[in-house]
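Have a look at the structure below before the remarks.
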Amino acid sequence: VFVTTDLYTASSTSITVYNNDVNSEANAISALDALGTTWLAIGSTSTVNAIDNVGIDAGIPIYDLEGQLVAADASTAAGGLFSGSLLALIQTDGGEAASNAFIWTGTLPDGQAALGYQLGLSPSPVEVGEPGFLGSAWIASGPSLPDITQLPLYGISGILTVPTPEPSTISMVIEIGRAHV
């Protein structure tokens, strides 16, 4: 999971626009492109909730770009991405702490659209998150900005399956692990 460094407006009603923005930015970074996955926005429109756009994927951990565990999974259960708190801050695609005060989300802490404040509901103010918080403000700190303001987005990878070799005295054993970034 990461915060984009590019800035976007929140004027589109289509989640595909935000997914394409996040996917394009991630794939412009060779290390992220090499993962060969699809990247999605953590955001909600009037027709798609963030929790549905991302997919719950219970039991699949979520890490930041530095390998820190951000959430146990994308659920609303304790430790989940949509539980109301994170285990670590979400960083930019450059791996540093996000410096922007606000991030477009249109989303409530439980991953549902912030009705009346979701992405693309012009000219209403849009729900934003603040990347410097571990509590629910990371995704929902209040509808404070008009949709034409330029802000970053949160992005998350599809499920990544990574082989992890473990040596033994007889042979090399491959253990498969799954996670989101």
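By convention here, the chains of the structure tokens are called A, B, ... in the order presented, each chain's residues are numbered starting at 1, and ligands are numbered starting at 1 in the order presented.
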**Prompt:** What residues in stretch 88-145 of chain A get the DSSP label strand (DSSP E or B)? Please answer as JSON, numbers by chain.
**Reply:** {"A": [91, 92, 97, 103, 104, 107, 113, 125, 126, 127, 128, 129, 142, 143, 144, 145]}
So that I have them on file, write out the residues from the current selection with N, CA and C atoms, as a JSON list (two decimals), in the first residue's frame.
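File written: selection00.json
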```
[["chain", "number", "residue", "atom", "x", "y", "z"],
["A", 91, "GLN", "N", 3.17, 5.03, 3.45],
["A", 91, "GLN", "CA", 4.19, 5.90, 2.89],
["A", 91, "GLN", "C", 3.94, 6.20, 1.42],
["A", 92, "THR", "N", 4.74, 7.13, 0.87],
["A", 92, "THR", "CA", 4.62, 7.47, -0.55],
["A", 92, "THR", "C", 5.23, 6.38, -1.41],
["A", 97, "ALA", "N", 7.85, 9.05, 4.33],
["A", 97, "ALA", "CA", 6.58, 9.43, 4.94],
["A", 97, "ALA", "C", 5.87, 10.41, 4.01],
["A", 103, "ILE", "N", -5.39, 13.30, 1.72],
["A", 103, "ILE", "CA", -5.44, 12.31, 0.65],
["A", 103, "ILE", "C", -6.90, 12.13, 0.29],
["A", 104, "TRP", "N", -7.23, 12.05, -1.01],
["A", 104, "TRP", "CA", -8.62, 11.77, -1.41],
["A", 104, "TRP", "C", -9.00, 10.36, -1.00],
["A", 107, "THR", "N", -14.27, 8.02, 1.71],
["A", 107, "THR", "CA", -14.53, 6.77, 2.42],
["A", 107, "THR", "C", -14.58, 6.96, 3.94],
["A", 113, "ALA", "N", -18.60, 4.07, 1.41],
["A", 113, "ALA", "CA", -18.58, 5.44, 0.88],
["A", 113, "ALA", "C", -19.11, 6.40, 1.94],
["A", 125, "PRO", "N", -17.92, 19.03, -1.01],
["A", 125, "PRO", "CA", -16.58, 18.69, -0.51],
["A", 125, "PRO", "C", -16.46, 17.16, -0.43],
["A", 126, "VAL", "N", -15.25, 16.66, -0.54],
["A", 126, "VAL", "CA", -15.00, 15.22, -0.56],
["A", 126, "VAL", "C", -14.27, 14.81, 0.71],
["A", 127, "GLU", "N", -14.66, 13.66, 1.26],
["A", 127, "GLU", "CA", -13.99, 13.10, 2.44],
["A", 127, "GLU", "C", -12.52, 12.86, 2.12],
["A", 128, "VAL", "N", -11.66, 13.28, 3.03],
["A", 128, "VAL", "CA", -10.23, 13.10, 2.87],
["A", 128, "VAL", "C", -9.67, 12.34, 4.07],
["A", 129, "GLY", "N", -8.50, 11.77, 3.88],
["A", 129, "GLY", "CA", -7.76, 11.13, 4.96],
["A", 129, "GLY", "C", -6.47, 11.89, 5.17],
["A", 142, "GLY", "N", -12.52, 14.13, 7.68],
["A", 142, "GLY", "CA", -13.53, 15.17, 7.51],
["A", 142, "GLY", "C", -13.61, 15.66, 6.07],
["A", 143, "PRO", "N", -14.82, 15.95, 5.58],
["A", 143, "PRO", "CA", -14.97, 16.48, 4.22],
["A", 143, "PRO", "C", -14.59, 17.94, 4.20],
["A", 144, "SER", "N", -13.39, 18.21, 3.74],
["A", 144, "SER", "CA", -12.93, 19.59, 3.88],
["A", 144, "SER", "C", -12.56, 20.29, 2.58],
["A", 145, "LEU", "N", -12.44, 19.59, 1.49],
["A", 145, "LEU", "CA", -11.92, 20.23, 0.28],
["A", 145, "LEU", "C", -12.81, 19.98, -0.93]]
```
**Request:** Compile the contact shell of stretch 33-40 of chain A as a VMD selection string: residues with an atom at most 6 Å away, counting only C-alpha atoms, same-chain residues fewer than 3 positions apart removed.
**Result:** chain A and resid 19 23 27 29 to 30 155 to 158
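Atom CA of A:Gly132 lies 22.6 Å from atom CA of A:Ile148.
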**Complete:** Min atom-atom distance to A:Thr47 from the set A:Leu115, A:Leu153, A:Leu160, A:Ala28, counting only C-alpha atoms, belongs to A:Leu115
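Between atom CA of A:Ile139 and atom CA of A:Ser24 the separation is 21.9 Å.
Between A:Phe82 and the candidates A:Ala41, A:Leu69, A:Ala140, A:Ala31, the tightest atom-to-atom separation, counting only C-alpha atoms, involves A:Ala140.
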**Residues flagged alpha helix (DSSP H) by DSSP in chain A, as a PyMOL selection string** = chain A and resi 15-27+30-33+50-54
